[in-house]
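As structure tokens, the structure follows; a few thoughts come after it.
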Amino acid sequence: MSCFFNFKDKLRLTRGPEVWRKSNGLSSERRDKSSRSAPIGESPRTKSSTSSANSTRTVSEIYNERARNLTVFSFSKLRHATDNFSRALKIGEGGFGSIYRGTITCSDGNGEGQVEVAVKVLKRDSSQGHKQWVAEIQFLGVLEHPNLVKLIGYCGEDTERGMERLLVYELMPNKSLEDHLFNRAYPTLSWQARLEILLGAARGLAYLHEGLEVQVIHRDFKSSNVLLDENFKPKLSDFGLAREGPAPDRTHVTTKVVGTHGYAAPDYVETGHLTTKSDVWSFGVVLYEALAGRPSLNQKLPKSEQKILEWVKQFPASSKKFSTIIDPRLENQFSVGAAREVARLADRCLARRAKSRPKMSEVVEKLQEIIQASSEVTEAEPSPPSPERKDNTIDPEKDSNTGPGKSESWKRRMAQLEKLAEHVEGDRARKFMTRQRANVQLKEHVSV
Ligand SMILES: Nc1ncnc2c1ncn2[C@@H]1O[C@H](COP(=O)(O)OP(=O)(O)OP(=O)(O)O)[C@@H](O)[C@H]1O
Ligand SMILES: [Mg+2]
């Protein structure tokens, strides 16, 4: 889904890209920390921000002090790494540019090694792309958390075709939460896996909002920006629209509205007043996406179902019809009680008044409780039918999938996986199948 942009935000560079590039000679990759030569700009705060003068340090100040080592790559190295940006290696496309899988040769004291990376090529000669590129480097140069994607390095180089701006990230082999929730080419993401991914994503946001000396507001939290590693551990990506939050004595930052339709908080869209609670709203939308297996906006559906938030309102968490909104691909292999709790949490995140929304640390706690309660119910099997089970009946046939009488759905899923694995070679295919099989097994075993 593409972003909507309305950039009045000023991310002014203290040195323009030209000066920066010349002073750094990007002919070969190297670490930028020693030279402190990365594209340091003014803080991503706006002039019109209501943050106070005696506020804490800005992200760019922190970046100057303790930026992680980022590698500055030459354009030719990245072209080589991606086989000249081969279409066969293209793994994604967003509003700012295309993403390619690539392999980089690195050397350390023990010799040479190959690292798989994701290379984002920003659209050329776009001022929005430039701002995004600078912000991404500044934020990801400073932020460090297991639930945030790692930026390995970047490239900014003037070529005969214009200014090329690229970002090099760790490769997230399982793509995004969006891919797994909505793309039917992937096996169904189990209930348990969904909860764990949501919890990890919530931890990432809690770190941004509450775990740093400055508050960071992501501003573009959505399922396509929750990437999944080889173990389906989630990591937040795309910090190009991120902003510093208000100073401690201020309530909000005033900015022009940017973000993605369907995820942005209405109060932010209406007033331009940005707080961490804008991200909390977006998280609430993603909670419903994970429950329903439907994107926040889908124009292919009947009108009354196109906007997920309007549609789910017809089936409140406490109503009898609540199960209507649950992703049918879960095939009843989830706890309705837990699903209701997730919906209640989503409703709190989606409170019209920003102040009434929970902090992300509270969201993390609540999700932990829900996961704990779900697993206790699972461990306590066989359990007597609970009133919740009325609308979540377990099909005994679906449960008998471990022995020779594996369920039809299991067989279907494995066949689907074998097909997917045909595109993956050798050792990677074996690993892929082992991982996906485990995933399907897990899903098949989740019970109420
Ligand atoms: N580090 C990565 N590793 C593997 N795949 C990635 C990586 N980063 C992005 N992708 C893939 O590329 C897709 C597109 O990402 P991108 O951030 O460009 O656009 P988007 O998030 O879909 O939309 P927008 O441009 O509005 O943010 C992602 O959904 C994901 O599948
Ligand atoms: Mg993205």
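Residues are named by chain letter and number: chains run A, B, ... in the order of the structure tokens, numbers start at 1 in each chain, and ligands are numbered from 1 in the order shown.
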Test item: residues lying within 9 Å of ligand 2 with only C-alpha atoms and all ligand atoms, as JSON, numbers by chain | {"A": [1, 92, 93, 94, 95, 96, 176, 220, 221, 222, 223, 224, 225, 226, 227, 236, 237, 238, 239]}
Write out, as a CSV table (one decimal), in the first residue's frame, the residues just selected, with N, CA and C atoms.
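Contents of out-v7.csv, freshly written:
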chain,number,residue,atom,x,y,z
A,1,MET,N,0.8,-1.2,0.0
A,1,MET,CA,0.0,0.0,0.0
A,1,MET,C,0.9,1.2,0.0
A,92,GLY,N,10.3,-6.7,-3.6
A,92,GLY,CA,9.3,-5.8,-3.1
A,92,GLY,C,9.3,-4.5,-3.8
A,93,GLU,N,8.2,-3.8,-3.6
A,93,GLU,CA,8.1,-2.5,-4.2
A,93,GLU,C,7.2,-1.6,-3.3
A,94,GLY,N,7.6,-0.5,-3.0
A,94,GLY,CA,6.8,0.4,-2.1
A,94,GLY,C,6.7,1.8,-2.8
A,95,GLY,N,6.1,2.7,-2.1
A,95,GLY,CA,6.0,4.1,-2.6
A,95,GLY,C,7.3,4.8,-2.9
A,96,PHE,N,8.3,4.4,-2.2
A,96,PHE,CA,9.6,5.1,-2.3
A,96,PHE,C,10.6,4.4,-3.3
A,176,SER,N,7.0,-9.8,4.8
A,176,SER,CA,6.3,-8.9,5.8
A,176,SER,C,5.0,-9.6,6.3
A,220,ASP,N,4.4,5.5,10.3
A,220,ASP,CA,4.0,4.7,9.2
A,220,ASP,C,3.9,3.2,9.6
A,221,PHE,N,3.4,3.0,10.8
A,221,PHE,CA,3.3,1.6,11.3
A,221,PHE,C,2.1,0.9,10.5
A,222,LYS,N,2.4,-0.2,9.9
A,222,LYS,CA,1.4,-1.0,9.1
A,222,LYS,C,2.0,-2.3,8.9
A,223,SER,N,1.1,-3.3,8.5
A,223,SER,CA,1.6,-4.7,8.4
A,223,SER,C,2.7,-4.9,7.4
A,224,SER,N,2.8,-4.0,6.4
A,224,SER,CA,3.9,-4.2,5.4
A,224,SER,C,5.2,-3.7,6.0
A,225,ASN,N,5.2,-3.0,7.1
A,225,ASN,CA,6.4,-2.5,7.7
A,225,ASN,C,6.8,-3.4,8.9
A,226,VAL,N,6.1,-4.5,9.1
A,226,VAL,CA,6.5,-5.5,10.1
A,226,VAL,C,7.2,-6.6,9.3
A,227,LEU,N,8.5,-6.7,9.3
A,227,LEU,CA,9.2,-7.7,8.5
A,227,LEU,C,9.4,-8.9,9.4
A,236,LEU,N,10.4,-4.1,13.0
A,236,LEU,CA,9.8,-2.9,12.3
A,236,LEU,C,10.8,-2.3,11.3
A,237,SER,N,10.2,-1.9,10.2
A,237,SER,CA,11.1,-1.3,9.1
A,237,SER,C,10.5,0.1,8.7
A,238,ASP,N,11.2,0.7,7.8
A,238,ASP,CA,10.8,2.0,7.2
A,238,ASP,C,10.7,3.2,8.3
A,239,PHE,N,11.8,3.7,8.5
A,239,PHE,CA,11.8,4.9,9.4
A,239,PHE,C,12.0,6.2,8.7
Using DSSP on the backbone coordinates, identify the residues of region 235-394 of chain A assigned to strand (DSSP E); present them as a list in words.
-> Lys235, Leu236, Arg243, Glu244, Val253, Thr254, His273 and Leu274 of chain A
Go ahead and write the selection's residues with N, CA and C atoms as an mmCIF file, in the first residue's frame.
data_model
loop_
_atom_site.group_PDB
_atom_site.id
_atom_site.type_symbol
_atom_site.label_atom_id
_atom_site.label_comp_id
_atom_site.auth_asym_id
_atom_site.auth_seq_id
_atom_site.Cartn_x
_atom_site.Cartn_y
_atom_site.Cartn_z
ATOM 1 N N LYS A 235 10.300 -7.559 12.908
ATOM 2 C CA LYS A 235 11.153 -6.381 13.056
ATOM 3 C C LYS A 235 10.521 -5.224 12.291
ATOM 4 N N LEU A 236 10.413 -4.087 12.955
ATOM 5 C CA LEU A 236 9.808 -2.917 12.309
ATOM 6 C C LEU A 236 10.778 -2.311 11.296
ATOM 7 N N ARG A 243 9.547 10.558 13.237
ATOM 8 C CA ARG A 243 9.788 11.898 13.787
ATOM 9 C C ARG A 243 10.083 11.795 15.262
ATOM 10 N N GLU A 244 10.817 12.773 15.741
ATOM 11 C CA GLU A 244 10.998 12.846 17.184
ATOM 12 C C GLU A 244 9.687 13.307 17.798
ATOM 13 N N VAL A 253 3.683 17.288 18.723
ATOM 14 C CA VAL A 253 4.464 17.958 17.682
ATOM 15 C C VAL A 253 3.468 18.316 16.592
ATOM 16 N N THR A 254 3.599 19.510 16.044
ATOM 17 C CA THR A 254 2.699 19.873 14.944
ATOM 18 C C THR A 254 3.426 19.653 13.623
ATOM 19 N N HIS A 273 -1.585 17.251 14.738
ATOM 20 C CA HIS A 273 -0.940 17.101 16.048
ATOM 21 C C HIS A 273 -0.474 15.658 16.213
ATOM 22 N N LEU A 274 0.816 15.492 16.316
ATOM 23 C CA LEU A 274 1.394 14.151 16.334
ATOM 24 C C LEU A 274 1.868 13.782 17.739
#
CA of Met360 (chain A) to CA of His209 (chain A): how many Å, to one decimal?
->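 Between CA of Met360 (chain A) and CA of His209 (chain A) the gap is 7.5 Å.
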Name the residues in contact with region 149-159 of chain A at a cut-off of 7 Å, using only C-alpha atoms, excluding same-chain residues fewer than 4 positions from it; report them as a PyMOL selection string.
-> chain A and resi 21+26+70-75+140+163-170+235-237
Top pick for closest residue to Ile371 (chain A), considering A:Trp191, A:Trp311, A:Tyr288, A:Tyr207 and counting only C-alpha atoms | A:Trp191
Which of A:Arg124, A:Lys175, A:Arg57, A:Lys77 sits closest to ligand 1 [using only C-alpha atoms and all ligand atoms] |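 Of A:Arg124, A:Lys175, A:Arg57, A:Lys77, the one nearest ligand 1, counting only C-alpha atoms and all ligand atoms, is A:Lys175.
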Please measure the separation of CA of Ala351 (chain A) and CA of Glu310 (chain A), giving the value in Å to one decimal.
->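 Calculated distance between CA of Ala351 (chain A) and CA of Glu310 (chain A) is 13.7 Å.
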Test item: residues at most 12 Å from Tyr263 (chain A), only C-alpha atoms, excluding those fewer than 6 positions along its chain, as number ranges by chain = A: 1-4, 218-225, 269, 278-289, 295-297, 307-309, 349-350
Helix (DSSP H, G or I) residues, from DSSP on the backbone, in region 189-299 of chain A, as an mmCIF file with C-alpha atoms, in the first residue's frame:
data_model
loop_
_atom_site.group_PDB
_atom_site.id
_atom_site.type_symbol
_atom_site.label_atom_id
_atom_site.label_comp_id
_atom_site.auth_asym_id
_atom_site.auth_seq_id
_atom_site.Cartn_x
_atom_site.Cartn_y
_atom_site.Cartn_z
ATOM 1 C CA TRP A 191 -3.079 -17.985 15.623
ATOM 2 C CA GLN A 192 -0.122 -18.425 17.951
ATOM 3 C CA ALA A 193 2.300 -17.074 15.345
ATOM 4 C CA ARG A 194 0.056 -14.024 14.830
ATOM 5 C CA LEU A 195 0.024 -13.258 18.543
ATOM 6 C CA GLU A 196 3.799 -13.629 18.835
ATOM 7 C CA ILE A 197 4.363 -11.363 15.839
ATOM 8 C CA LEU A 198 2.003 -8.728 17.256
ATOM 9 C CA LEU A 199 3.790 -8.907 20.595
ATOM 10 C CA GLY A 200 7.206 -8.423 18.966
ATOM 11 C CA ALA A 201 5.927 -5.500 16.913
ATOM 12 C CA ALA A 202 4.418 -3.941 20.051
ATOM 13 C CA ARG A 203 7.782 -4.300 21.812
ATOM 14 C CA GLY A 204 9.460 -2.504 18.916
ATOM 15 C CA LEU A 205 7.022 0.422 19.188
ATOM 16 C CA ALA A 206 7.290 0.487 23.000
ATOM 17 C CA TYR A 207 11.060 0.838 22.621
ATOM 18 C CA LEU A 208 10.617 3.771 20.225
ATOM 19 C CA HIS A 209 8.104 5.519 22.477
ATOM 20 C CA GLU A 210 9.426 4.732 25.923
ATOM 21 C CA SER A 223 1.604 -4.668 8.399
ATOM 22 C CA SER A 224 3.925 -4.193 5.406
ATOM 23 C CA ASN A 225 6.417 -2.508 7.714
ATOM 24 C CA PRO A 266 -8.007 10.536 12.626
ATOM 25 C CA ASP A 267 -6.973 13.157 15.193
ATOM 26 C CA TYR A 268 -3.541 13.410 13.560
ATOM 27 C CA VAL A 269 -5.050 13.620 10.075
ATOM 28 C CA GLU A 270 -7.480 16.333 11.188
ATOM 29 C CA THR A 271 -5.128 18.507 13.244
ATOM 30 C CA THR A 276 3.060 8.523 20.170
ATOM 31 C CA LYS A 277 -0.649 7.738 20.399
ATOM 32 C CA SER A 278 -0.853 8.127 16.610
ATOM 33 C CA ASP A 279 1.288 4.973 16.343
ATOM 34 C CA VAL A 280 -0.939 3.286 18.942
ATOM 35 C CA TRP A 281 -3.952 3.867 16.670
ATOM 36 C CA SER A 282 -2.079 2.309 13.722
ATOM 37 C CA PHE A 283 -1.212 -0.658 15.936
ATOM 38 C CA GLY A 284 -4.941 -1.079 16.684
ATOM 39 C CA VAL A 285 -5.637 -1.259 12.940
ATOM 40 C CA VAL A 286 -2.993 -3.975 12.520
ATOM 41 C CA LEU A 287 -4.511 -5.922 15.446
ATOM 42 C CA TYR A 288 -7.791 -6.067 13.524
ATOM 43 C CA GLU A 289 -5.981 -6.968 10.289
ATOM 44 C CA ALA A 290 -4.391 -9.935 12.066
ATOM 45 C CA LEU A 291 -7.718 -11.010 13.581
ATOM 46 C CA ALA A 292 -9.631 -10.754 10.334
#
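The closest residue to Tyr186 (chain A), picked from A:Lys120, A:Arg329, A:Lys366, A:Arg344 and counting only C-alpha atoms, is A:Arg329.
Of note, CA of Lys320 (chain A) and CA of Pro302 (chain A) are spaced 22.5 Å apart.
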